[in-house]
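S.K.: run.tsv is reproduced in full below (TSV, N, CA and C atoms).
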chain	number	residue	atom	x	y	z
X	14	MET	N	14.01	-10.17	32.63
X	14	MET	CA	13.98	-9.88	31.21
X	14	MET	C	15.30	-9.21	30.81
X	15	THR	N	15.87	-9.67	29.73
X	15	THR	CA	17.15	-9.14	29.30
X	15	THR	C	16.99	-7.77	28.67
X	16	LYS	N	18.09	-7.06	28.53
X	16	LYS	CA	18.07	-5.73	27.92
X	16	LYS	C	17.61	-5.80	26.48
X	17	ALA	N	18.03	-6.84	25.78
X	17	ALA	CA	17.66	-6.99	24.37
X	17	ALA	C	16.14	-7.17	24.23
X	18	LYS	N	15.55	-7.99	25.11
X	18	LYS	CA	14.11	-8.20	25.04
X	18	LYS	C	13.36	-6.92	25.39
X	19	LYS	N	13.84	-6.18	26.38
X	19	LYS	CA	13.21	-4.91	26.76
X	19	LYS	C	13.28	-3.92	25.61
X	20	ALA	N	14.43	-3.86	24.97
X	20	ALA	CA	14.61	-2.94	23.83
X	20	ALA	C	13.69	-3.34	22.68
X	21	LYS	N	13.56	-4.65	22.44
X	21	LYS	CA	12.70	-5.14	21.37
X	21	LYS	C	11.24	-4.80	21.66
X	22	LYS	N	10.81	-4.97	22.91
X	22	LYS	CA	9.44	-4.64	23.30
X	22	LYS	C	9.17	-3.14	23.16
X	23	ALA	N	10.14	-2.34	23.58
X	23	ALA	CA	10.00	-0.89	23.48
X	23	ALA	C	9.90	-0.47	22.03
X	24	LYS	N	10.72	-1.06	21.17
X	24	LYS	CA	10.70	-0.75	19.74
X	24	LYS	C	9.37	-1.15	19.13
X	25	LYS	N	8.87	-2.32	19.53
X	25	LYS	CA	7.59	-2.81	19.02
X	25	LYS	C	6.47	-1.85	19.40
X	26	LYS	N	6.43	-1.41	20.65
X	26	LYS	CA	5.40	-0.48	21.09
X	26	LYS	C	5.51	0.85	20.35
X	27	GLU	N	6.73	1.29	20.12
X	27	GLU	CA	6.95	2.54	19.40
X	27	GLU	C	6.42	2.44	17.97
X	28	VAL	N	6.71	1.32	17.30
X	28	VAL	CA	6.25	1.11	15.93
X	28	VAL	C	4.73	1.03	15.88
X	29	GLU	N	4.14	0.31	16.83
X	29	GLU	CA	2.68	0.18	16.86
X	29	GLU	C	2.01	1.53	17.12
X	30	ALA	N	2.56	2.33	18.04
X	30	ALA	CA	2.00	3.64	18.34
X	30	ALA	C	2.10	4.56	17.13
X	31	GLU	N	3.23	4.51	16.46
X	31	GLU	CA	3.43	5.32	15.26
X	31	GLU	C	2.45	4.90	14.17
X	32	ALA	N	2.23	3.60	14.03
X	32	ALA	CA	1.31	3.09	13.02
X	32	ALA	C	-0.11	3.53	13.31
X	33	GLU	N	-0.52	3.49	14.57
X	33	GLU	CA	-1.87	3.91	14.93
X	33	GLU	C	-2.10	5.39	14.63
X	34	GLU	N	-1.10	6.21	14.85
X	34	GLU	CA	-1.22	7.64	14.59
X	34	GLU	C	-1.38	7.93	13.10
X	35	GLN	N	-0.76	7.12	12.27
X	35	GLN	CA	-0.73	7.39	10.84
X	35	GLN	C	-1.94	6.85	10.09
X	36	VAL	N	-2.76	6.03	10.70
X	36	VAL	CA	-3.89	5.43	10.00
X	36	VAL	C	-4.95	6.48	9.72
X	37	ASN	N	-5.39	6.53	8.47
X	37	ASN	CA	-6.49	7.39	8.07
X	37	ASN	C	-7.42	6.57	7.18
X	38	PRO	N	-8.55	7.12	6.74
X	38	PRO	CA	-9.50	6.32	5.95
X	38	PRO	C	-8.88	5.67	4.71
X	39	GLU	N	-7.94	6.35	4.07
X	39	GLU	CA	-7.31	5.77	2.88
X	39	GLU	C	-6.45	4.56	3.24
X	40	GLN	N	-6.01	4.49	4.49
X	40	GLN	CA	-5.16	3.39	4.92
X	40	GLN	C	-5.94	2.29	5.63
X	41	ALA	N	-7.26	2.33	5.54
X	41	ALA	CA	-8.08	1.34	6.25
X	41	ALA	C	-7.74	-0.08	5.81
X	42	GLU	N	-7.40	-0.26	4.54
X	42	GLU	CA	-7.05	-1.59	4.05
X	42	GLU	C	-5.80	-2.12	4.75
X	43	ALA	N	-4.89	-1.24	5.09
X	43	ALA	CA	-3.66	-1.66	5.76
X	43	ALA	C	-3.93	-2.19	7.15
X	44	SER	N	-5.05	-1.80	7.72
X	44	SER	CA	-5.39	-2.24	9.08
X	44	SER	C	-6.16	-3.56	9.09
X	45	GLN	N	-6.40	-4.11	7.91
X	45	GLN	CA	-7.13	-5.37	7.83
X	45	GLN	C	-6.33	-6.49	8.48
X	46	VAL	N	-7.03	-7.34	9.20
X	46	VAL	CA	-6.40	-8.51	9.80
X	46	VAL	C	-6.27	-9.56	8.70
X	47	ILE	N	-5.14	-10.22	8.65
X	47	ILE	CA	-4.85	-11.22	7.62
X	47	ILE	C	-5.37	-12.58	8.04
X	48	ASN	N	-6.01	-13.27	7.09
X	48	ASN	CA	-6.46	-14.64	7.31
X	48	ASN	C	-5.37	-15.57	6.77
X	49	PRO	N	-4.60	-16.19	7.65
X	49	PRO	CA	-3.48	-17.01	7.19
X	49	PRO	C	-3.90	-18.31	6.51
X	50	ALA	N	-5.17	-18.68	6.60
X	50	ALA	CA	-5.63	-19.94	6.02
X	50	ALA	C	-5.72	-19.89	4.49
X	51	ASP	N	-5.48	-18.71	3.89
X	51	ASP	CA	-5.60	-18.57	2.45
X	51	ASP	C	-4.45	-19.19	1.67
X	52	GLY	N	-3.39	-19.56	2.33
X	52	GLY	CA	-2.27	-20.18	1.62
X	52	GLY	C	-1.04	-20.27	2.48
X	53	PRO	N	-0.10	-21.10	2.06
X	53	PRO	CA	1.10	-21.32	2.87
X	53	PRO	C	2.00	-20.09	2.99
X	54	LEU	N	2.09	-19.28	1.95
X	54	LEU	CA	2.93	-18.09	2.03
X	54	LEU	C	2.33	-17.08	3.03
X	55	LYS	N	1.01	-16.92	2.97
X	55	LYS	CA	0.36	-16.03	3.94
X	55	LYS	C	0.59	-16.53	5.35
X	56	GLN	N	0.46	-17.84	5.53
X	56	GLN	CA	0.66	-18.43	6.85
X	56	GLN	C	2.07	-18.15	7.35
X	57	MET	N	3.05	-18.29	6.46
X	57	MET	CA	4.43	-18.07	6.84
X	57	MET	C	4.65	-16.60	7.23
X	58	LEU	N	4.11	-15.68	6.43
X	58	LEU	CA	4.26	-14.26	6.74
X	58	LEU	C	3.59	-13.89	8.06
X	59	VAL	N	2.37	-14.37	8.25
X	59	VAL	CA	1.65	-14.07	9.49
X	59	VAL	C	2.39	-14.64	10.69
X	60	ASP	N	2.86	-15.86	10.57
X	60	ASP	CA	3.60	-16.48	11.68
X	60	ASP	C	4.88	-15.69	11.98
X	61	TYR	N	5.61	-15.33	10.94
X	61	TYR	CA	6.88	-14.62	11.12
X	61	TYR	C	6.64	-13.25	11.75
X	62	VAL	N	5.72	-12.48	11.18
X	62	VAL	CA	5.46	-11.13	11.68
X	62	VAL	C	4.84	-11.20	13.08
X	63	GLY	N	3.98	-12.16	13.29
X	63	GLY	CA	3.39	-12.32	14.62
X	63	GLY	C	4.45	-12.61	15.68
X	64	ALA	N	5.40	-13.45	15.33
X	64	ALA	CA	6.48	-13.78	16.28
X	64	ALA	C	7.41	-12.59	16.49
X	65	ALA	N	7.65	-11.83	15.42
X	65	ALA	CA	8.57	-10.69	15.51
X	65	ALA	C	7.95	-9.51	16.26
X	66	LEU	N	6.70	-9.19	15.97
X	66	LEU	CA	6.07	-8.01	16.58
X	66	LEU	C	5.24	-8.33	17.82
X	67	GLN	N	4.83	-9.56	17.94
X	67	GLN	CA	4.02	-10.01	19.07
X	67	GLN	C	2.89	-9.03	19.40
X	68	PRO	N	1.93	-8.87	18.48
X	68	PRO	CA	0.82	-7.95	18.74
X	68	PRO	C	0.02	-8.38	19.96
X	69	GLU	N	-0.44	-7.39	20.72
X	69	GLU	CA	-1.16	-7.68	21.97
X	69	GLU	C	-2.42	-8.49	21.74
X	70	ASN	N	-3.14	-8.19	20.64
X	70	ASN	CA	-4.38	-8.92	20.37
X	70	ASN	C	-4.12	-10.20	19.58
X	71	GLY	N	-2.87	-10.47	19.23
X	71	GLY	CA	-2.52	-11.70	18.53
X	71	GLY	C	-2.84	-11.68	17.05
X	72	GLN	N	-3.35	-10.56	16.53
X	72	GLN	CA	-3.73	-10.48	15.13
X	72	GLN	C	-2.69	-9.69	14.34
X	73	VAL	N	-2.38	-10.19	13.16
X	73	VAL	CA	-1.41	-9.54	12.28
X	73	VAL	C	-2.15	-8.82	11.17
X	74	THR	N	-1.80	-7.57	10.95
X	74	THR	CA	-2.44	-6.78	9.90
X	74	THR	C	-1.50	-6.62	8.70
X	75	VAL	N	-2.08	-6.17	7.60
X	75	VAL	CA	-1.30	-5.90	6.39
X	75	VAL	C	-0.21	-4.88	6.71
X	76	GLU	N	-0.56	-3.88	7.47
X	76	GLU	CA	0.39	-2.83	7.83
X	76	GLU	C	1.60	-3.41	8.57
X	77	MET	N	1.35	-4.34	9.47
X	77	MET	CA	2.44	-4.96	10.22
X	77	MET	C	3.38	-5.72	9.28
X	78	ILE	N	2.79	-6.40	8.30
X	78	ILE	CA	3.60	-7.15	7.35
X	78	ILE	C	4.44	-6.19	6.51
X	79	VAL	N	3.85	-5.08	6.09
X	79	VAL	CA	4.58	-4.09	5.30
X	79	VAL	C	5.73	-3.51	6.13
X	80	GLN	N	5.47	-3.23	7.40
X	80	GLN	CA	6.53	-2.71	8.28
X	80	GLN	C	7.67	-3.71	8.40
X	81	ALA	N	7.33	-4.97	8.59
X	81	ALA	CA	8.36	-6.00	8.72
X	81	ALA	C	9.15	-6.13	7.42
X	82	MET	N	8.45	-6.11	6.30
X	82	MET	CA	9.13	-6.22	5.01
X	82	MET	C	10.03	-5.00	4.78
X	83	ALA	N	9.56	-3.83	5.15
X	83	ALA	CA	10.34	-2.60	4.95
X	83	ALA	C	11.63	-2.63	5.77
X	84	SER	N	11.55	-3.18	6.96
X	84	SER	CA	12.75	-3.18	7.80
X	84	SER	C	13.67	-4.36	7.50
X	85	GLU	N	13.11	-5.49	7.05
X	85	GLU	CA	13.94	-6.68	6.88
X	85	GLU	C	14.18	-7.08	5.43
X	86	PHE	N	13.37	-6.55	4.50
X	86	PHE	CA	13.54	-6.93	3.10
X	86	PHE	C	13.17	-5.72	2.22
X	87	PRO	N	13.86	-4.59	2.41
X	87	PRO	CA	13.50	-3.37	1.69
X	87	PRO	C	13.66	-3.47	0.17
X	88	ASP	N	14.57	-4.33	-0.30
X	88	ASP	CA	14.77	-4.47	-1.74
X	88	ASP	C	13.47	-4.93	-2.41
X	89	PHE	N	12.77	-5.86	-1.78
X	89	PHE	CA	11.51	-6.36	-2.31
X	89	PHE	C	10.47	-5.25	-2.36
X	90	LEU	N	10.32	-4.54	-1.27
X	90	LEU	CA	9.32	-3.48	-1.21
X	90	LEU	C	9.63	-2.35	-2.19
X	91	LEU	N	10.91	-2.08	-2.41
X	91	LEU	CA	11.30	-1.05	-3.36
X	91	LEU	C	10.87	-1.43	-4.78
X	92	VAL	N	11.05	-2.68	-5.15
X	92	VAL	CA	10.64	-3.13	-6.48
X	92	VAL	C	9.12	-3.00	-6.63
X	93	VAL	N	8.38	-3.38	-5.61
X	93	VAL	CA	6.92	-3.28	-5.65
X	93	VAL	C	6.50	-1.81	-5.77
X	94	ALA	N	7.15	-0.94	-5.00
X	94	ALA	CA	6.82	0.49	-5.05
X	94	ALA	C	7.13	1.08	-6.42
X	95	LYS	N	8.27	0.71	-7.00
X	95	LYS	CA	8.61	1.21	-8.33
X	95	LYS	C	7.59	0.76	-9.36
X	96	GLU	N	7.22	-0.50	-9.31
X	96	GLU	CA	6.23	-1.03	-10.25
X	96	GLU	C	4.89	-0.31	-10.08
X	97	ASN	N	4.51	-0.06	-8.85
X	97	ASN	CA	3.26	0.66	-8.58
X	97	ASN	C	3.33	2.08	-9.14
X	98	TRP	N	4.47	2.73	-8.97
X	98	TRP	CA	4.64	4.09	-9.47
X	98	TRP	C	4.56	4.10	-11.00
X	99	ILE	N	5.24	3.15	-11.64
X	99	ILE	CA	5.22	3.08	-13.11
X	99	ILE	C	3.81	2.86	-13.62
X	100	ARG	N	3.08	1.93	-13.01
X	100	ARG	CA	1.70	1.67	-13.44
X	100	ARG	C	0.81	2.89	-13.24
X	101	GLY	N	1.01	3.58	-12.13
X	101	GLY	CA	0.23	4.80	-11.88
X	101	GLY	C	0.54	5.87	-12.91
X	102	TYR	N	1.81	6.02	-13.25
X	102	TYR	CA	2.22	7.00	-14.25
X	102	TYR	C	1.63	6.64	-15.62
X	103	GLN	N	1.69	5.35	-15.99
X	103	GLN	CA	1.13	4.91	-17.26
X	103	GLN	C	-0.39	5.17	-17.30
X	104	GLN	N	-1.06	4.90	-16.19
X	104	GLN	CA	-2.51	5.14	-16.13
X	104	GLN	C	-2.82	6.62	-16.27
X	105	ALA	N	-2.01	7.48	-15.65
X	105	ALA	CA	-2.21	8.92	-15.76
X	105	ALA	C	-2.04	9.37	-17.21
X	106	MET	N	-1.03	8.86	-17.88
X	106	MET	CA	-0.80	9.23	-19.27
X	106	MET	C	-1.96	8.75	-20.15
X	107	PHE	N	-2.45	7.56	-19.90
X	107	PHE	CA	-3.60	7.03	-20.63
X	107	PHE	C	-4.83	7.91	-20.40
X	108	ASP	N	-5.05	8.30	-19.15
X	108	ASP	CA	-6.19	9.15	-18.82
X	108	ASP	C	-6.09	10.51	-19.52
X	109	ILE	N	-4.90	11.09	-19.53
X	109	ILE	CA	-4.70	12.38	-20.19
X	109	ILE	C	-5.00	12.26	-21.68
X	110	GLU	N	-4.51	11.20	-22.29
X	110	GLU	CA	-4.74	10.98	-23.72
X	110	GLU	C	-6.23	10.87	-24.02
X	111	ASN	N	-6.95	10.12	-23.20
X	111	ASN	CA	-8.39	9.95	-23.41
X	111	ASN	C	-9.15	11.26	-23.19
X	112	ILE	N	-8.76	12.04	-22.20
X	112	ILE	CA	-9.41	13.33	-21.95
X	112	ILE	C	-9.16	14.27	-23.12
X	113	GLU	N	-7.94	14.27	-23.64
X	113	GLU	CA	-7.64	15.11	-24.80
X	113	GLU	C	-8.47	14.70	-26.00
X	114	LYS	N	-8.65	13.40	-26.21
X	114	LYS	CA	-9.49	12.91	-27.32
X	114	LYS	C	-10.94	13.34	-27.13
X	115	GLU	N	-11.44	13.21	-25.90
X	115	GLU	CA	-12.82	13.60	-25.61
X	115	GLU	C	-13.02	15.09	-25.81
X	116	ASN	N	-12.05	15.89	-25.39
X	116	ASN	CA	-12.14	17.34	-25.55
X	116	ASN	C	-12.01	17.75	-27.01
X	117	ALA	N	-11.26	17.02	-27.81
X	117	ALA	CA	-11.08	17.34	-29.21
X	117	ALA	C	-12.31	16.95	-30.03
X	118	ALA	N	-13.03	15.94	-29.64
X	118	ALA	CA	-14.20	15.47	-30.38
X	118	ALA	C	-15.29	16.54	-30.48
X	119	PRO	N	-15.69	17.23	-29.41
X	119	PRO	CA	-16.72	18.27	-29.55
X	119	PRO	C	-16.26	19.43	-30.42
X	120	GLU	N	-14.98	19.77	-30.38
X	120	GLU	CA	-14.47	20.86	-31.21
X	120	GLU	C	-14.58	20.50	-32.68
X	121	GLU	N	-14.31	19.26	-33.04
X	121	GLU	CA	-14.42	18.82	-34.42
X	121	GLU	C	-15.85	18.87	-34.90
X	122	GLN	N	-16.81	18.55	-34.01
X	122	GLN	CA	-18.21	18.57	-34.39
X	122	GLN	C	-18.71	20.00	-34.57
X	123	GLU	N	-18.21	20.96	-33.80
X	123	GLU	CA	-18.63	22.35	-33.87
X	123	GLU	C	-18.08	23.04	-35.12
X	124	GLN	N	-16.91	22.70	-35.58
X	124	GLN	CA	-16.27	23.36	-36.71
X	124	GLN	C	-17.09	23.25	-38.00
X	125	PRO	N	-17.60	22.10	-38.42
X	125	PRO	CA	-18.39	22.05	-39.65
X	125	PRO	C	-19.66	22.88	-39.55
X	126	ALA	N	-20.26	22.94	-38.40
X	126	ALA	CA	-21.49	23.74	-38.23
X	126	ALA	C	-21.19	25.21	-38.40
X	127	GLU	N	-20.05	25.67	-37.91
X	127	GLU	CA	-19.67	27.08	-38.01
X	127	GLU	C	-19.34	27.43	-39.45
X	128	GLN	N	-18.76	26.54	-40.21
X	128	GLN	CA	-18.34	26.79	-41.57
X	128	GLN	C	-19.54	26.92	-42.50
X	129	THR	N	-20.61	26.18	-42.23
X	129	THR	CA	-21.79	26.23	-43.12
X	129	THR	C	-22.62	27.47	-42.86
X	130	ALA	N	-22.47	28.14	-41.74
X	130	ALA	CA	-23.30	29.29	-41.41
X	130	ALA	C	-22.91	30.53	-42.14
What's the structure tokens form of this structure?

M.R.:
Amino acid sequence: MTKAKKAKKAKKKEVEAEAEEQVNPEQAEASQVINPADGPLKQMLVDYVGAALQPENGQVTVEMIVQAMASEFPDFLLVVAKENWIRGYQQAMFDIENIEKENAAPEEQEQPAEQTA
């Protein structure tokens, strides 16, 4: 086995060990095994990541694909992360606005009752 292959195997094991340590209940979706039969793009990603990481059980997970994308195509993942952050921020602002409206509604109903007393 060449030095390059040994280094690649060592790196793969290191990445897999690190990934296993970081998994928690919120990340359970990332551990899902991908069904490549859902479409040609999925098939291509699963084949590519499977060949690159060579998982021992032969199954490619969402987390593995994210790791591969992060190391080989970070520009794409950055755009997705930014969009996710923007949508989350917009949702938070929407939620705050609705909570403020809900909190203001009972105050408006109480004021006329207090004035008539």

S.K.: May I ask for the distance between atom CA of Val59 of chain X and atom CA of Met77 of chain X, given in Å to one decimal place?

M.R.: 9.2 Å

S.K.: Take atom C of Glu42 of chain X and atom N of Ala105 of chain X and report the distance between them in Å, one decimal.

M.R.: 22.9 Å

S.K.: Give me, as a VMD selection string, the residues of segment 41-118 of chain X that a backbone DSSP run labels alpha helix (DSSP H).

M.R.: chain X and resid 53 to 66 75 to 85 87 to 118
